[in-house]
Amino acid sequence: MAEVVVQHSRAARTTRARKGGSLHNALRRKSTVAFFLTLPLILLIALLVLYPALYSVHLSTLNKSMQKFVGFGNFTFLFKRETFWMVVKQSCIFAITAVIFKALIGFIVAHFVHNIPAKGQRKWRGMLLVPWVIPPAMSTLAWLWLFDPSYSAFNYTLSFFGIGPIPWLGDAAWARFSVILVNVWYGAPFFMIMYLAALKSVPDQLYEAAAIDGANWWQRIWYVTLPMMRNIIAITTLFSLIVTFANFDIVRILTSGGPLDQTQIFATYAFRVGIESSDIPLGASVSLFMVPILAVAAIFILRDVSKRGNEA
Amino acid sequence: MSRKKLTRRQFVAATAMSSAALITAPYVRGAYAAGKLSIGFWDHWVPDANKTSTDLVNEWAAKEKVEVSIDYITSNNKKIELTVAAEAQAKSGHDILQMYTWWPHAYSEQLEPVNDVVEPAIKQNGEVNGTVKYLGQAAGKWLAVPATPGSQIKGPCTRIDLMKKYAGIDVQEMYPAGAPPKADNWTMETFLKAAEACQKGGFPFGIGLGETTDSVDTAGAIFQSFGAELVNAKGEPTVKTDQVRQALEYYKKLIAFLPPDAPSWDDASNNKWLISGRGALIMNPPSAWAVAKRDAPQVAEQCWTHGFPAGPKGRFAPYLPYYWGLWNFSKNKEAAKSLLTHLSQASSIEKFVSASGGYDLPAYANMTTLKTWAEVEPPKGTLYHYPNPYNHQTLSIAASPAPPKIAQQIYAQAILTKMALRFAQGEKMETTLAWAEGECEGFMRT
């Protein structure tokens, strides 16, 4: 019996010692240090991203005068509005078309740049990135002058060939074309640089093996380049889709959503409804409507990426 | 020597009394009144106009011993609206914030009533027009103080030479400087014929069909001159009426003579149209003329600002009043009211008008014949009729008389210009009306 008591007290002493050392050990662990180092950023994100996001969810549940809780009332109201569905349709057209063209142009240009001898490549890479590094609000102003209703530089140039004048921003189809064009111009360099990085990481041996097997140019792209770039393509597309869906500045500066709301997208419509019409809860609901659409896209794309990651 | 002892009961009573006295004491407009006041003014586009506002505030602050800070907030890209919305949400910010047209009603619950400032100002400077009341008053309470800086009429600014040459209309004769207008024949029909003649002459009228305020304001005045209301004062939709149909038919005819890119115009487009010498008329306050004075003096010399054409239901001109709002969360309301009273004095108003070169319009009836409008040139008398000195037109705002919270949405979402454009582009009248009615019904949520 006495032996049991002695053993028990020894065990208790060991636990206490282990407890005292566990904090010390935790602090020495790399993951803990990493957590503390990222804590300021986590707090910053919580403050600047999480709080506004939750606040906008709260706002979307209030009535126009923001005095009454209406649950999903704002959403059910929006679902009955013809203009809202037009905005949904246009946002999808805008984002999907722009992302497809950005990806295509980025892919083609990345190949061109990849094939430039290493000596001159840096210069080209720098130049091609210029549209992406200029703040879009500024570059879009330059585009606005090029498209200007009355003094368009494009129309001036086209007039020498007997073409135009084209109502770049005054006609619905042309206005949609113009806002997508500027978005593609701005976003394609991002795809280009990502694809270029992916291209550089494809081992040369694979191309050599394909060449020995007699693969032509198209087969090399289809069976070697594309499979090796799939994850980068997927992640870049997702990232760009999110950013393009949430675009505000380009449309706001070029058309403000006109003519006849036919270039209105989620963010510009949310601003029109929320700020200009003083219906902040409805504006918050419009902008939150993007979330499920982007969440579904993110789930599909990321699921595919992780599946391929597991296969690898 | 006896010493009176203060009982606990006496101490509590004395403390309570002095606290109550401190809290309820009125702001003393004397030399020793103090405190801080933060002001957000609209950033005027006329270079020296801000200085006049600063001088007037400083003059008051020195007298009242109040520490003031002023921010000039641009209206470009809706910065003022964003500031108003942010401060209303945060319940913190400036004490006084300049806001225009719909904002006093939009934030009426958070604004301090200012009857004690506006009523004496009206007594001193004359009555205010119906639009100032419609936008600045709710249930007899003044929500904000009518501000001179920024307030404007967007009437026609016409090229004297082009109008005479192509339409045979002498605008100087119709609106002579220093004399009442002789504009009985200046009707919507005359206007349409003039638009056609100038378009054929290669100088179309520069009227926008976009979604920004200049386009909406013109549409508003034209609709009102036909008696067309989308929502009446009781808040009932009145879209499907003959008046609205007539206004749309008229607009369709007018659009045929406007520049083909007018649907994409913003508030800068019409100014550029006039200054570049491409058009015979625009609907704008004298800012375009003022810029032309600097950049294209030969154009400025030919500009004449005057009244709107009359329709079957009267002569209406687009009017956009600005206000100074006082937040109810302000910590120095009495000082703020004292300052607003100072800024509403006739002498202050005269300084505002002069500093802006005649652009700023006081809301008060006795202040529309100041010498600035008679004196500015070229040509002499060009702005004489700008402030509507003979009250020959009704100053109104698009979408009125709908209750302001509904009208604001009709206005902000440019329903009037959209209707005109849809119909002019070939949509059936009834389809356009049904669409507009649906939109208006959507604006009635509370």
# chains A, B, ... in the order shown; residues from 1 in each chain; ligands from 1
>>> interface_residues(of="chain B", to="chain A", cutoff="7 Å", atoms="only C-alpha atoms", output="MDAnalysis selection string")
chainID B and resid 81:82 106 210:211 261:265 408:409 412 418 445:446
>>> write_last_selection(atoms="C-alpha atoms", output="PDB file, in the first residue's frame")
ATOM      1  CA  GLU B  81     -22.133  61.184 -50.585  1.00  0.00           C
ATOM      2  CA  LEU B  82     -19.639  58.623 -49.314  1.00  0.00           C
ATOM      3  CA  ALA B 106     -32.037  60.590 -46.637  1.00  0.00           C
ATOM      4  CA  GLY B 210     -26.838  59.454 -69.590  1.00  0.00           C
ATOM      5  CA  GLU B 211     -27.413  58.557 -65.958  1.00  0.00           C
ATOM      6  CA  ASP B 261     -23.413  59.557 -78.466  1.00  0.00           C
ATOM      7  CA  ALA B 262     -25.589  61.477 -75.962  1.00  0.00           C
ATOM      8  CA  PRO B 263     -26.601  58.235 -74.150  1.00  0.00           C
ATOM      9  CA  SER B 264     -23.050  57.928 -72.830  1.00  0.00           C
ATOM     10  CA  TRP B 265     -22.640  61.540 -71.755  1.00  0.00           C
ATOM     11  CA  GLN B 408     -34.185  60.241 -54.673  1.00  0.00           C
ATOM     12  CA  GLN B 409     -34.184  56.743 -56.134  1.00  0.00           C
ATOM     13  CA  ALA B 412     -30.290  58.470 -58.758  1.00  0.00           C
ATOM     14  CA  LYS B 418     -33.831  55.741 -69.302  1.00  0.00           C
ATOM     15  CA  ARG B 445     -39.855  50.076 -49.713  1.00  0.00           C
ATOM     16  CA  THR B 446     -39.372  51.639 -46.341  1.00  0.00           C
TER      17      THR B 446
END
>>> residues_around(residues="Asp71 in chain B", least_positions_apart="3", cutoff="7 Å", atoms="only C-alpha atoms", output="PyMOL selection string")
chain B and resi 39-41
>>> write_last_selection(atoms="C-alpha atoms", output="mmCIF file, in the first residue's frame")
data_model
loop_
_atom_site.group_PDB
_atom_site.id
_atom_site.type_symbol
_atom_site.label_atom_id
_atom_site.label_comp_id
_atom_site.auth_asym_id
_atom_site.auth_seq_id
_atom_site.Cartn_x
_atom_site.Cartn_y
_atom_site.Cartn_z
ATOM 1 C CA ILE B 39 -16.807 71.474 -40.736
ATOM 2 C CA GLY B 40 -16.948 69.586 -44.030
ATOM 3 C CA PHE B 41 -17.595 71.969 -46.911
#
>>> select_by_dssp(residues="range 166-364 of chain B", states="strand (DSSP E or B)", output="list of chain:residue names")
B:Thr187, B:Gly206, B:Val231, B:Pro237, B:Leu281, B:Ile282, B:Met283, B:Cys303, B:Trp304, B:Thr305, B:Ala310, B:Gly311, B:Gly314, B:Phe316, B:Ala317, B:Pro318, B:Tyr319, B:Leu320, B:Pro321, B:Tyr322, B:Tyr323, B:Trp324, B:Gly325, B:Leu326, B:Trp327, B:Tyr364
>>> write_last_selection(atoms="C-alpha atoms", output="tab-separated table (two decimals), in the first residue's frame")
chain	number	residue	atom	x	y	z
B	187	THR	CA	-41.85	77.16	-75.68
B	206	GLY	CA	-25.66	69.26	-76.23
B	231	VAL	CA	-45.01	59.15	-58.50
B	237	PRO	CA	-47.38	55.60	-58.97
B	281	LEU	CA	-26.86	75.09	-76.50
B	282	ILE	CA	-26.31	73.12	-73.33
B	283	MET	CA	-28.23	72.89	-70.05
B	303	CYS	CA	-22.68	82.56	-74.37
B	304	TRP	CA	-25.94	83.67	-72.81
B	305	THR	CA	-27.50	81.94	-69.81
B	310	ALA	CA	-42.22	76.51	-71.34
B	311	GLY	CA	-44.35	73.41	-71.82
B	314	GLY	CA	-45.64	75.73	-67.26
B	316	PHE	CA	-39.79	74.71	-65.10
B	317	ALA	CA	-36.04	75.01	-64.61
B	318	PRO	CA	-33.84	72.37	-62.96
B	319	TYR	CA	-32.68	73.63	-59.59
B	320	LEU	CA	-30.20	71.88	-57.28
B	321	PRO	CA	-29.97	73.37	-53.81
B	322	TYR	CA	-27.11	72.59	-51.44
B	323	TYR	CA	-27.50	72.51	-47.67
B	324	TRP	CA	-25.43	72.62	-44.53
B	325	GLY	CA	-26.47	69.75	-42.29
B	326	LEU	CA	-25.81	69.62	-38.56
B	327	TRP	CA	-25.50	66.08	-37.21
B	364	TYR	CA	-33.67	83.46	-50.69
>>> atom_distance(atom1="CA of Ala110 in chain A", atom2="CA of Ile212 in chain A")
24.7 Å
>>> residues_around(residues="range 226-234 of chain A", least_positions_apart="3", cutoff="7 Å", atoms="only C-alpha atoms", output="PyMOL selection string")
chain A and resi 198+202+221-223+237-238+301+305
>>> residues_around(residues="range 431-444 of chain B", least_positions_apart="6", cutoff="7 Å", atoms="only C-alpha atoms", output="MDAnalysis selection string")
chainID B and resid 237 239:240 406 409:410 415 419 422:423
>>> atom_distance(atom1="CA of Val128 in chain B", atom2="CA of Asn50 in chain B")
24.4 Å
>>> residues_around(residues="Gly168 in chain B", least_positions_apart="4", cutoff="12 Å", atoms="only C-alpha atoms", output="PyMOL selection string")
chain B and resi 160-164+173-174+190-191+193-195+197-198+201
>>> write_last_selection(atoms="C-alpha atoms", output="PDB file, in the first residue's frame")
ATOM      1  CA  ILE B 160     -25.906  83.787 -79.243  1.00  0.00           C
ATOM      2  CA  ASP B 161     -24.425  83.650 -82.751  1.00  0.00           C
ATOM      3  CA  LEU B 162     -25.371  80.075 -83.620  1.00  0.00           C
ATOM      4  CA  MET B 163     -28.907  80.370 -82.312  1.00  0.00           C
ATOM      5  CA  LYS B 164     -29.430  83.541 -84.314  1.00  0.00           C
ATOM      6  CA  GLU B 173     -33.594  90.076 -77.025  1.00  0.00           C
ATOM      7  CA  MET B 174     -35.636  87.322 -75.428  1.00  0.00           C
ATOM      8  CA  THR B 190     -39.858  76.557 -80.426  1.00  0.00           C
ATOM      9  CA  PHE B 191     -37.100  74.705 -78.607  1.00  0.00           C
ATOM     10  CA  LYS B 193     -37.572  73.599 -83.957  1.00  0.00           C
ATOM     11  CA  ALA B 194     -34.392  75.355 -82.817  1.00  0.00           C
ATOM     12  CA  ALA B 195     -32.816  71.979 -81.933  1.00  0.00           C
ATOM     13  CA  ALA B 197     -32.292  73.836 -87.128  1.00  0.00           C
ATOM     14  CA  CYS B 198     -29.042  73.830 -85.164  1.00  0.00           C
ATOM     15  CA  GLY B 201     -26.548  73.511 -89.280  1.00  0.00           C
TER      16      GLY B 201
END
